[in-house]
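Colleague: Here it is, the structure in full.
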Amino acid sequence: MKEPVKKPWIWIIMGLLVLFNAPWYFPEGTIEPLIFGLPYWVVVSTVLSLLLCAYLYWLCRNQWHIIEDEEEAENEREGD
Amino acid sequence: MEELRFAGLDAVIILSAYAVLMIVIGWLAGRGKKVGKSVSSYYLAGRDLGIITLFFTLFATQYSGNTVVGYAPQAYREGFSWLQSVPFFTLIIGIYLLFAPRLYAIAKKKKFVTPTDWISYRFNSKRVTILAILLMLWGLANYLLEQLVAIGHAVSGLTGGTIPYEIAVIGFIIVMLTYEWLGGMKAVAITDAVQGSLLFVGVILLLAGAFALTGGGLTDLTENIAAVDPERIGVPDLTTNINWISMILLTGFGAAVYPHAVQRIYSSRSERTLKRSLARMAWMPPFTAGFVLIIGIIGIQLYPGLSVPESEQLVGILANDVANLNTFFYWAMIILFGAIVGAIVSTADSVLLSFSSMISNDVYGKYINKSAPDERKVKVGKFVGVILVALLLWVAWNPPGTLFQIFVLKFEILVQVAPAFILGLYWKRLSSTAVFWGMLVGATIAGVMTLIGHETAFGIHGGVYGLAVNFMICVAGSLMVPTSQDYKRKVEKMTTIDAQQ
């Protein structure tokens, strides 16, 4: 059985991704260097946002498995 | 949006066709299924939503017309710091992961219909249940009011005033009630799928049109803004950064425990369906909020120096200019505005359905007439839903100042039920007394801060302060009250997902 709430590492990584999403650790008002035509901090925040999306996608698919087997078995029985 | 004049009769035709389509979908969804005879069938689509429908109904419920019409001006005013709108939509899925897996398993076993079913089941306390019902109904009513006003503005704007504000609101309420009554949650979910897809296409079309207007790429855009308004693209100040994280937390917790969102957990066909739908939802923020952010940023270059009220019209102004590019973009923009109206309606219908379900099941079924058959409960829910809409219309047309201010509270109030879900599912010691005082104090802090005009302090929202105090009261209060082994065993039995009950 996999229940996300029971694994502290899941929440530590999620917390860090949220905490560093806002660019408080960069000097206020700075724009350059531009990366792909965008201010560097925008690229960093965007990458962290996309990592959060990917991480949550992965968590949903791979770290959540509680009554699925039971349900699928039930569905198969109903199908028969 | 009132200034939009490009789409008079064409828009009326598109909107009328759209209204007819929604009613036909509602009729097809409810045909031969006797949806009004059972609360589970009417409010939860018989707990049988598949991956595609569940995904789109989650999508359409989470993203409303305001995501386009309201967030683009916000990005225009704030600049790149509005990038926060992407993670704050994403974190909602993270907060779901805190409680949805276990809640789904218990809800399925215990056949919950509304979020308060969980609260009354877990805490077995009249005052906790009633307070939770009040907070959630308040949040839902407020949310619905916003959507009704938005429908009026969007439709009258889209049709250049051909359909006046009042007629637009009443017309779309009739359409919405008709398909909702015909097919219940099933109709709401299927219409959400149509509305959600249209919104997605509409945003992409608007973004393409905006880029066509600028004629340049991202580098030109950044350099132009850096020359005229560097503050909007530089690293934001500390208060904005704190506000950024506060916003992610407030929206993450608030939107995850929205009653209509919780009901979508209950409506899922299976755990596999639910987790796969949520996994896909995790990727939607960059494609919606992210695209809208770029549209707002492009607005800084195209229309520099707009005042706050002027910037609120940004999407209308931009759509007008895009529509003037060529025939393709003209029709694309009509589809966009149809999509915006659809997105507003799809959020409103989910909220109204959830409101009615709580009246049917929680207020009427639990406290007024416990022995009422399901059919009667559904009828009461529908009837009270109409009264609510009428009341909200009255507020929308004659907004008494203070009452309107009170209505501003939405997330801040709703989010206060989060500890009852999150802690309640896992912590055996959590006592009903602590939950009650936590919710009450949290809601009071959030309410008072909003009413005295301090929605945030040091960049942090009143709702987040309220929630933090709420969690603290829940924890400290529960630790102070001695808990019997019997109580712990009872809660263990209630919340376990292993044992056969």
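In the structure tokens, chains take the letters A, B, ... in the order shown, each chain's residues start at 1, and ligands count up from 1 in the order shown.
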I'd like the neighbourhood of region 328-340 of chain B as a ChimeraX atom specification, where a residue qualifies if any of its atoms comes within 6 Å (using only C-alpha atoms), though same-chain residues fewer than 2 positions away should be ignored.
Modeller: /B:65,198-199,202,323,326,342-343
Colleague: List the neighbours of Lys7 (chain A) out to 12 Å using only C-alpha atoms; skip same-chain residues closer than 4 positions along the sequence, and give me the result as a list in words.
Modeller: Met1, Lys2, Glu3, Trp11, Ile12, Ile13, Met14, Leu59, Gln63 and Trp64 of chain A; Leu97 and Leu98 of chain B
Colleague: Please identify which residues in region 4-34 of chain A DSSP calls helix (DSSP H, G or I) from the backbone, and express them as a PyMOL selection string.
Modeller: chain A and resi 4-6+8-19
Colleague: Go ahead and save the picked residues with N, CA, C and O atoms, as a PDB file, in the first residue's frame.
Modeller:
ATOM      1  N   PRO A   4       0.753   8.688   0.148  1.00  0.00           N
ATOM      2  CA  PRO A   4       1.753   9.762   0.151  1.00  0.00           C
ATOM      3  C   PRO A   4       1.978  10.411   1.512  1.00  0.00           C
ATOM      4  O   PRO A   4       3.108  10.736   1.851  1.00  0.00           O
ATOM      5  N   VAL A   5       0.911  10.567   2.291  1.00  0.00           N
ATOM      6  CA  VAL A   5       1.041  11.299   3.550  1.00  0.00           C
ATOM      7  C   VAL A   5       2.022  10.627   4.515  1.00  0.00           C
ATOM      8  O   VAL A   5       2.574  11.253   5.410  1.00  0.00           O
ATOM      9  N   LYS A   6       2.244   9.350   4.310  1.00  0.00           N
ATOM     10  CA  LYS A   6       3.105   8.608   5.252  1.00  0.00           C
ATOM     11  C   LYS A   6       4.579   8.692   4.913  1.00  0.00           C
ATOM     12  O   LYS A   6       5.398   8.081   5.598  1.00  0.00           O
ATOM     13  N   PRO A   8       7.631  11.164   4.629  1.00  0.00           N
ATOM     14  CA  PRO A   8       8.071  12.545   4.860  1.00  0.00           C
ATOM     15  C   PRO A   8       8.868  13.137   3.699  1.00  0.00           C
ATOM     16  O   PRO A   8       8.742  14.325   3.401  1.00  0.00           O
ATOM     17  N   TRP A   9       9.670  12.325   3.001  1.00  0.00           N
ATOM     18  CA  TRP A   9      10.500  12.881   1.915  1.00  0.00           C
ATOM     19  C   TRP A   9       9.645  13.545   0.839  1.00  0.00           C
ATOM     20  O   TRP A   9      10.053  14.542   0.240  1.00  0.00           O
ATOM     21  N   ILE A  10       8.432  13.020   0.624  1.00  0.00           N
ATOM     22  CA  ILE A  10       7.536  13.609  -0.386  1.00  0.00           C
ATOM     23  C   ILE A  10       7.262  15.071  -0.043  1.00  0.00           C
ATOM     24  O   ILE A  10       7.307  15.958  -0.898  1.00  0.00           O
ATOM     25  N   TRP A  11       7.009  15.314   1.241  1.00  0.00           N
ATOM     26  CA  TRP A  11       6.597  16.655   1.674  1.00  0.00           C
ATOM     27  C   TRP A  11       7.791  17.592   1.811  1.00  0.00           C
ATOM     28  O   TRP A  11       7.650  18.801   1.625  1.00  0.00           O
ATOM     29  N   ILE A  12       8.941  17.025   2.118  1.00  0.00           N
ATOM     30  CA  ILE A  12      10.144  17.870   2.203  1.00  0.00           C
ATOM     31  C   ILE A  12      10.480  18.401   0.803  1.00  0.00           C
ATOM     32  O   ILE A  12      10.686  19.600   0.610  1.00  0.00           O
ATOM     33  N   ILE A  13      10.462  17.518  -0.187  1.00  0.00           N
ATOM     34  CA  ILE A  13      10.766  17.970  -1.557  1.00  0.00           C
ATOM     35  C   ILE A  13       9.714  18.972  -2.033  1.00  0.00           C
ATOM     36  O   ILE A  13      10.031  20.016  -2.606  1.00  0.00           O
ATOM     37  N   MET A  14       8.435  18.672  -1.752  1.00  0.00           N
ATOM     38  CA  MET A  14       7.375  19.589  -2.188  1.00  0.00           C
ATOM     39  C   MET A  14       7.542  20.958  -1.523  1.00  0.00           C
ATOM     40  O   MET A  14       7.402  22.003  -2.160  1.00  0.00           O
ATOM     41  N   GLY A  15       7.870  20.945  -0.223  1.00  0.00           N
ATOM     42  CA  GLY A  15       8.074  22.190   0.513  1.00  0.00           C
ATOM     43  C   GLY A  15       9.213  23.013  -0.084  1.00  0.00           C
ATOM     44  O   GLY A  15       9.097  24.229  -0.244  1.00  0.00           O
ATOM     45  N   LEU A  16      10.305  22.327  -0.429  1.00  0.00           N
ATOM     46  CA  LEU A  16      11.447  23.045  -1.007  1.00  0.00           C
ATOM     47  C   LEU A  16      11.085  23.636  -2.374  1.00  0.00           C
ATOM     48  O   LEU A  16      11.454  24.769  -2.686  1.00  0.00           O
ATOM     49  N   LEU A  17      10.344  22.868  -3.163  1.00  0.00           N
ATOM     50  CA  LEU A  17       9.945  23.377  -4.490  1.00  0.00           C
ATOM     51  C   LEU A  17       9.064  24.626  -4.358  1.00  0.00           C
ATOM     52  O   LEU A  17       9.155  25.555  -5.158  1.00  0.00           O
ATOM     53  N   VAL A  18       8.209  24.643  -3.327  1.00  0.00           N
ATOM     54  CA  VAL A  18       7.346  25.817  -3.114  1.00  0.00           C
ATOM     55  C   VAL A  18       8.175  26.979  -2.574  1.00  0.00           C
ATOM     56  O   VAL A  18       8.079  28.117  -3.056  1.00  0.00           O
ATOM     57  N   LEU A  19       9.026  26.679  -1.584  1.00  0.00           N
ATOM     58  CA  LEU A  19       9.816  27.733  -0.940  1.00  0.00           C
ATOM     59  C   LEU A  19      10.735  28.458  -1.937  1.00  0.00           C
ATOM     60  O   LEU A  19      10.861  29.676  -1.900  1.00  0.00           O
TER      61      LEU A  19
END
Colleague: Mind dumping a table of every chain A residue within 8 Å of chain B, with the nearest atom pair and its distance in Å to one decimal, using only C-alpha atoms, sorted by chain and rising number, as CSV?
Modeller:
residue,atom,partner,partner_atom,distance
A:Glu3,CA,B:Pro101,CA,7.0
A:Pro4,CA,B:Leu97,CA,6.4
A:Val5,CA,B:Leu98,CA,5.4
A:Met14,CA,B:Gly94,CA,7.8
A:Val18,CA,B:Ile245,CA,7.1
A:Leu19,CA,B:Ile245,CA,6.8
A:Asn21,CA,B:Pro87,CA,7.8
A:Ala22,CA,B:Asn241,CA,5.5
A:Pro23,CA,B:Asn241,CA,6.7
A:Trp24,CA,B:Asn241,CA,5.7
A:Phe26,CA,B:Val235,CA,6.9
A:Pro27,CA,B:Val235,CA,6.8
A:Glu28,CA,B:Val235,CA,4.9
A:Gly29,CA,B:Gly234,CA,4.2
A:Thr30,CA,B:Gly234,CA,5.0
A:Ile31,CA,B:Gly234,CA,4.8
A:Phe36,CA,B:Thr219,CA,7.2
A:Gly37,CA,B:Thr219,CA,3.8
A:Leu38,CA,B:Thr222,CA,6.3
A:Pro39,CA,B:Ile233,CA,7.2
A:Trp41,CA,B:Val235,CA,6.8
A:Val42,CA,B:Phe80,CA,7.0
A:Ser45,CA,B:Leu83,CA,7.7
A:Thr46,CA,B:Leu83,CA,7.6
A:Ser49,CA,B:Pro87,CA,5.6
A:Leu50,CA,B:Pro286,CA,7.6
A:Leu52,CA,B:Thr90,CA,7.3
A:Cys53,CA,B:Ala282,CA,5.1
A:Ala54,CA,B:Trp283,CA,7.3
A:Leu56,CA,B:Ala282,CA,6.2
A:Tyr57,CA,B:Ala279,CA,4.3
A:Trp58,CA,B:Ala279,CA,7.3
A:Leu59,CA,B:Ala279,CA,7.9
A:Cys60,CA,B:Ala279,CA,5.3
A:Arg61,CA,B:Arg276,CA,6.5
A:Trp64,CA,B:Pro101,CA,7.0
A:His65,CA,B:Glu271,CA,7.9
A:Ile66,CA,B:Pro101,CA,7.2
A:Ile67,CA,B:Glu271,CA,6.8
A:Glu68,CA,B:Glu271,CA,5.6
A:Glu71,CA,B:Ser270,CA,6.8
Colleague: Distance CA of Lys108 (chain B)-CA of Phe421 (chain B), one decimal place?
Modeller: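 Straight-line distance from CA of Lys108 (chain B) to CA of Phe421 (chain B) works out to 15.7 Å.
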Colleague: Return as number ranges by chain the full set of residues in region 3-60 of chain A whose backbone-based DSSP assignment is strand (DSSP E or B).
Modeller: A: 34-35, 38-39
Colleague: For the selection you just gave me, I'd like the residues written to a file as a compact mmCIF listing (two decimals), in the first residue's frame, keeping N, CA and C atoms.
Modeller:
# COMPACT_ATOMS: atom_id res chain seq x y z
N LEU A 34 19.71 37.66 -19.61
CA LEU A 34 18.51 37.10 -20.22
C LEU A 34 18.84 35.68 -20.68
N ILE A 35 17.91 34.77 -20.43
CA ILE A 35 18.07 33.38 -20.91
C ILE A 35 16.83 33.08 -21.76
N LEU A 38 14.37 35.75 -21.71
CA LEU A 38 13.65 36.08 -20.48
C LEU A 38 14.64 36.40 -19.36
N PRO A 39 14.22 37.23 -18.37
CA PRO A 39 15.11 37.47 -17.23
C PRO A 39 15.47 36.15 -16.55
